[in-house]
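Participant: My structure file entry_20.csv, CSV, C-alpha atoms, is below:
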chain,number,residue,atom,x,y,z
A,6,MET,CA,1.6,-26.3,-4.0
A,7,ALA,CA,-1.7,-25.0,-2.7
A,8,LEU,CA,-0.3,-25.1,0.8
A,9,GLU,CA,2.6,-22.8,-0.2
A,10,HIS,CA,0.1,-20.4,-1.8
A,11,ASP,CA,-2.0,-20.4,1.3
A,12,LYS,CA,1.1,-19.7,3.5
A,13,ALA,CA,2.2,-16.8,1.2
A,14,ARG,CA,-1.4,-15.4,1.2
A,15,ALA,CA,-1.6,-15.6,5.0
A,16,LYS,CA,1.9,-13.9,5.3
A,17,GLY,CA,0.7,-11.1,3.0
A,18,LEU,CA,-2.5,-10.6,4.9
A,19,ALA,CA,-0.6,-10.4,8.2
A,20,ALA,CA,1.8,-7.9,6.7
A,21,GLU,CA,-1.1,-5.7,5.4
A,22,TRP,CA,-2.8,-5.9,8.8
A,23,LEU,CA,0.4,-4.7,10.5
A,24,ALA,CA,0.9,-2.0,7.9
A,25,ALA,CA,-2.7,-0.7,8.4
A,26,ALA,CA,-2.3,-0.7,12.1
A,27,TRP,CA,1.0,1.2,11.8
A,28,LEU,CA,-0.7,3.8,9.6
A,29,VAL,CA,-3.7,4.2,12.0
A,30,GLY,CA,-1.2,4.7,14.8
A,31,LYS,CA,0.4,7.5,12.7
A,32,GLY,CA,-3.0,9.2,12.3
A,33,TYR,CA,-4.0,7.9,8.8
A,34,ARG,CA,-7.6,6.9,8.1
A,35,ILE,CA,-7.9,3.6,6.2
A,36,LEU,CA,-10.4,3.9,3.4
A,37,SER,CA,-9.9,0.5,1.7
A,38,ARG,CA,-7.8,-2.7,1.9
A,39,GLN,CA,-7.3,-5.1,-0.9
A,40,PHE,CA,-9.1,-3.0,-3.4
A,41,ARG,CA,-9.3,-5.1,-6.6
A,42,ALA,CA,-9.3,-3.4,-10.0
A,43,ARG,CA,-8.8,-4.5,-13.5
A,44,GLY,CA,-5.1,-5.3,-13.9
A,45,GLY,CA,-4.1,-4.6,-10.3
A,46,GLU,CA,-4.8,-4.4,-6.6
A,47,LEU,CA,-4.2,-1.8,-3.9
A,48,ASP,CA,-3.0,-3.1,-0.6
A,49,ILE,CA,-4.2,-0.1,1.4
A,50,VAL,CA,-5.9,3.2,0.5
A,51,ALA,CA,-5.7,5.8,3.2
A,52,LEU,CA,-6.2,9.5,3.9
A,53,SER,CA,-3.3,11.4,5.3
A,54,PRO,CA,-3.5,12.6,9.0
A,55,LEU,CA,-5.8,15.5,9.7
A,56,TRP,CA,-2.9,17.8,10.7
A,57,THR,CA,-1.3,17.5,7.2
A,58,ARG,CA,-2.5,18.5,3.7
A,59,ARG,CA,-5.3,16.1,3.0
A,60,THR,CA,-3.9,13.5,0.5
A,61,ILE,CA,-5.1,10.2,-0.7
A,62,VAL,CA,-2.3,7.7,-0.1
A,63,PHE,CA,-2.0,4.4,-2.0
A,64,VAL,CA,0.2,2.1,0.0
A,65,GLU,CA,2.0,-1.0,-1.4
A,66,VAL,CA,3.0,-3.4,1.4
A,67,ARG,CA,6.0,-5.6,1.0
A,68,ALA,CA,7.3,-8.2,3.5
A,69,ARG,CA,10.7,-9.8,2.6
A,70,GLY,CA,13.8,-11.1,4.4
A,71,THR,CA,15.3,-7.6,4.4
A,72,VAL,CA,14.1,-4.0,3.8
A,73,GLU,CA,16.4,-3.9,0.8
A,74,GLN,CA,14.8,-7.0,-0.7
A,75,ALA,CA,11.4,-5.4,0.0
A,76,VAL,CA,12.3,-2.2,-1.9
A,77,GLU,CA,13.8,-4.2,-4.8
A,78,SER,CA,10.6,-6.2,-5.2
A,79,VAL,CA,8.6,-3.2,-6.3
A,80,GLY,CA,9.6,-2.8,-10.0
A,81,ALA,CA,8.2,-0.7,-12.8
A,82,VAL,CA,5.5,-3.2,-13.7
A,83,LYS,CA,4.2,-3.3,-10.1
A,84,ARG,CA,4.2,0.5,-9.9
A,85,ARG,CA,2.2,0.8,-13.2
A,86,ARG,CA,-0.3,-1.7,-11.9
A,87,VAL,CA,-0.7,0.2,-8.6
A,88,GLN,CA,-1.1,3.5,-10.5
A,89,SER,CA,-3.7,1.9,-12.8
A,90,ALA,CA,-5.7,0.5,-9.8
A,91,ALA,CA,-5.4,4.0,-8.1
A,92,ALA,CA,-6.9,5.7,-11.2
A,93,GLN,CA,-9.8,3.2,-11.1
A,94,PHE,CA,-10.3,3.7,-7.4
A,95,CYS,CA,-10.5,7.5,-7.9
A,96,ALA,CA,-12.8,7.1,-10.9
A,97,ARG,CA,-15.2,5.2,-8.6
A,98,LYS,CA,-15.0,7.8,-5.8
A,99,PRO,CA,-14.9,11.2,-7.5
A,100,LYS,CA,-14.8,13.3,-4.3
A,101,LEU,CA,-11.7,11.4,-3.1
A,102,GLY,CA,-10.2,11.5,-6.6
A,103,ALA,CA,-10.1,15.3,-6.5
A,104,LEU,CA,-7.5,15.1,-3.7
A,105,PRO,CA,-3.8,15.1,-4.3
A,106,ARG,CA,-2.4,11.5,-4.6
A,107,ARG,CA,0.7,9.9,-3.2
A,108,PHE,CA,2.2,6.5,-3.6
A,109,ASP,CA,3.9,5.1,-0.5
A,110,LEU,CA,5.6,1.8,0.5
A,111,ILE,CA,5.5,0.1,3.8
A,112,LEU,CA,8.4,-2.4,4.0
A,113,LEU,CA,8.5,-5.2,6.6
A,114,ALA,CA,11.4,-7.4,7.5
A,115,PRO,CA,11.9,-9.8,10.4
A,116,GLY,CA,13.1,-8.1,13.6
A,117,ARG,CA,12.6,-4.6,12.2
A,118,TRP,CA,10.0,-1.9,12.7
A,119,PRO,CA,7.9,-1.2,9.7
A,120,HIS,CA,9.7,1.2,7.3
A,121,HIS,CA,7.3,3.8,5.8
A,122,MET,CA,8.6,5.3,2.5
A,123,LYS,CA,6.4,8.3,1.8
A,124,ASP,CA,6.1,9.4,-1.8
A,125,ALA,CA,8.1,6.3,-2.9
A,126,TRP,CA,7.5,7.1,-6.6
A,127,LYS,CA,5.8,9.6,-8.9
A,128,PRO,CA,3.4,8.4,-11.7
As a first step, turn the structure in this file into structure tokens.

Facilitator:
Amino acid sequence: MALEHDKARAKGLAAEWLAAAWLVGKGYRILSRQFRARGGELDIVALSPLWTRRTIVFVEVRARGTVEQAVESVGAVKRRRVQSAAAQFCARKPKLGALPRRFDLILLAPGRWPHHMKDAWKP
């Protein structure tokens, strides 16, 4: 049981690392990874690229067998938890909290490039 949990955690960390590298390559600045808050966690918090309107981006990373399965794995409960954690992040960092916010998904599936869904949902 613990071995399966460790494997899942390692897979999740690898997916988050790949997603963060993907974002950096696209000009994003990573502010935080695995931000823990009461009731939720943020996989990645980033600032949008300099050449765009500065936005704080909360990124949920999902690795599944297919991109479709990855999308389906982010339900209403997960979105609410991410939104709650985002509010807590902004409360702790007021200057950043004043920026516009966006919720993105980075979806990973074997044999596919990462799929970045910008503005995947609205609070």

Participant: Using all atoms listed in the file, find the one residue out of A:Asp48, A:Ala19, A:Val87, A:His121 that sits nearest to Lys31 in chain A.

Facilitator: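 Checking each of A:Asp48, A:Ala19, A:Val87, A:His121 against Lys31 in chain A, counting all atoms listed in the file, the winner is A:His121.
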
Participant: Could you please determine the separation between CA of Arg34 in chain A and CA of Ser53 in chain A in Å, to one decimal place?

Facilitator: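 Atom-to-atom, CA of Arg34 in chain A to CA of Ser53 in chain A, that is 6.8 Å.
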
Participant: Between CA of Pro128 in chain A and CA of Arg69 in chain A, what is the distance, to one decimal in Å?

Facilitator: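 Here the two named atoms are 24.3 Å from each other.
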
Participant: Between A:Trp27, A:Phe63, A:Trp56, A:Trp118, which residue has the minimum interatomic distance to Gln39 in chain A, considering all atoms listed in the file?

Facilitator: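 Checking each of A:Trp27, A:Phe63, A:Trp56, A:Trp118 against Gln39 in chain A, counting all atoms listed in the file, the winner is A:Phe63.
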
Participant: When you draw a straight line from CA of Val50 in chain A to CA of Gly116 in chain A, how long is it in Å?

Facilitator: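 Distance reported for this atom pair: 25.7 Å.
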
Participant: Using all atoms listed in the file, which residue out of A:Pro115, A:Gly102, A:Gly45, A:Gly30 lies closest to Val72 in chain A?

Facilitator: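 That would be A:Pro115, the residue with the smallest distance to Val72 in chain A.
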
Participant: Just checking: using all atoms listed in the file, which residue out of A:Ala7, A:Ala26, A:Leu112, A:Ile49 ends up closest to Ala68 in chain A?

Facilitator: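 Smallest separation from Ala68 in chain A among the options: A:Leu112.
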
Participant: Pick out the closest residue to Leu110 in chain A from this set: A:Ser89, A:Thr57, A:Ser78, A:Ser37. Count all atoms listed in the file.

Facilitator: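 Of A:Ser89, A:Thr57, A:Ser78, A:Ser37, the one nearest Leu110 in chain A is A:Ser78, counting all atoms listed in the file.
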
Participant: So that I can check the surroundings of Val66 in chain A, please list as a PyMOL selection string every protein, DNA and RNA residue that reaches within 10 Å of it, counting all atoms listed in the file and ignoring chain neighbours fewer than 5 positions away.

Facilitator: chain A and resi 17-18+20-25+47-49+75-76+79+109-113+119+121

Participant: Could you tell me which of A:Glu65, A:Ala125, A:Thr60, A:Glu77 comes closest to Lys100 in chain A if we count all atoms listed in the file?

Facilitator: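 Once distances to Lys100 in chain A are computed over all atoms listed in the file, the minimum belongs to A:Thr60.
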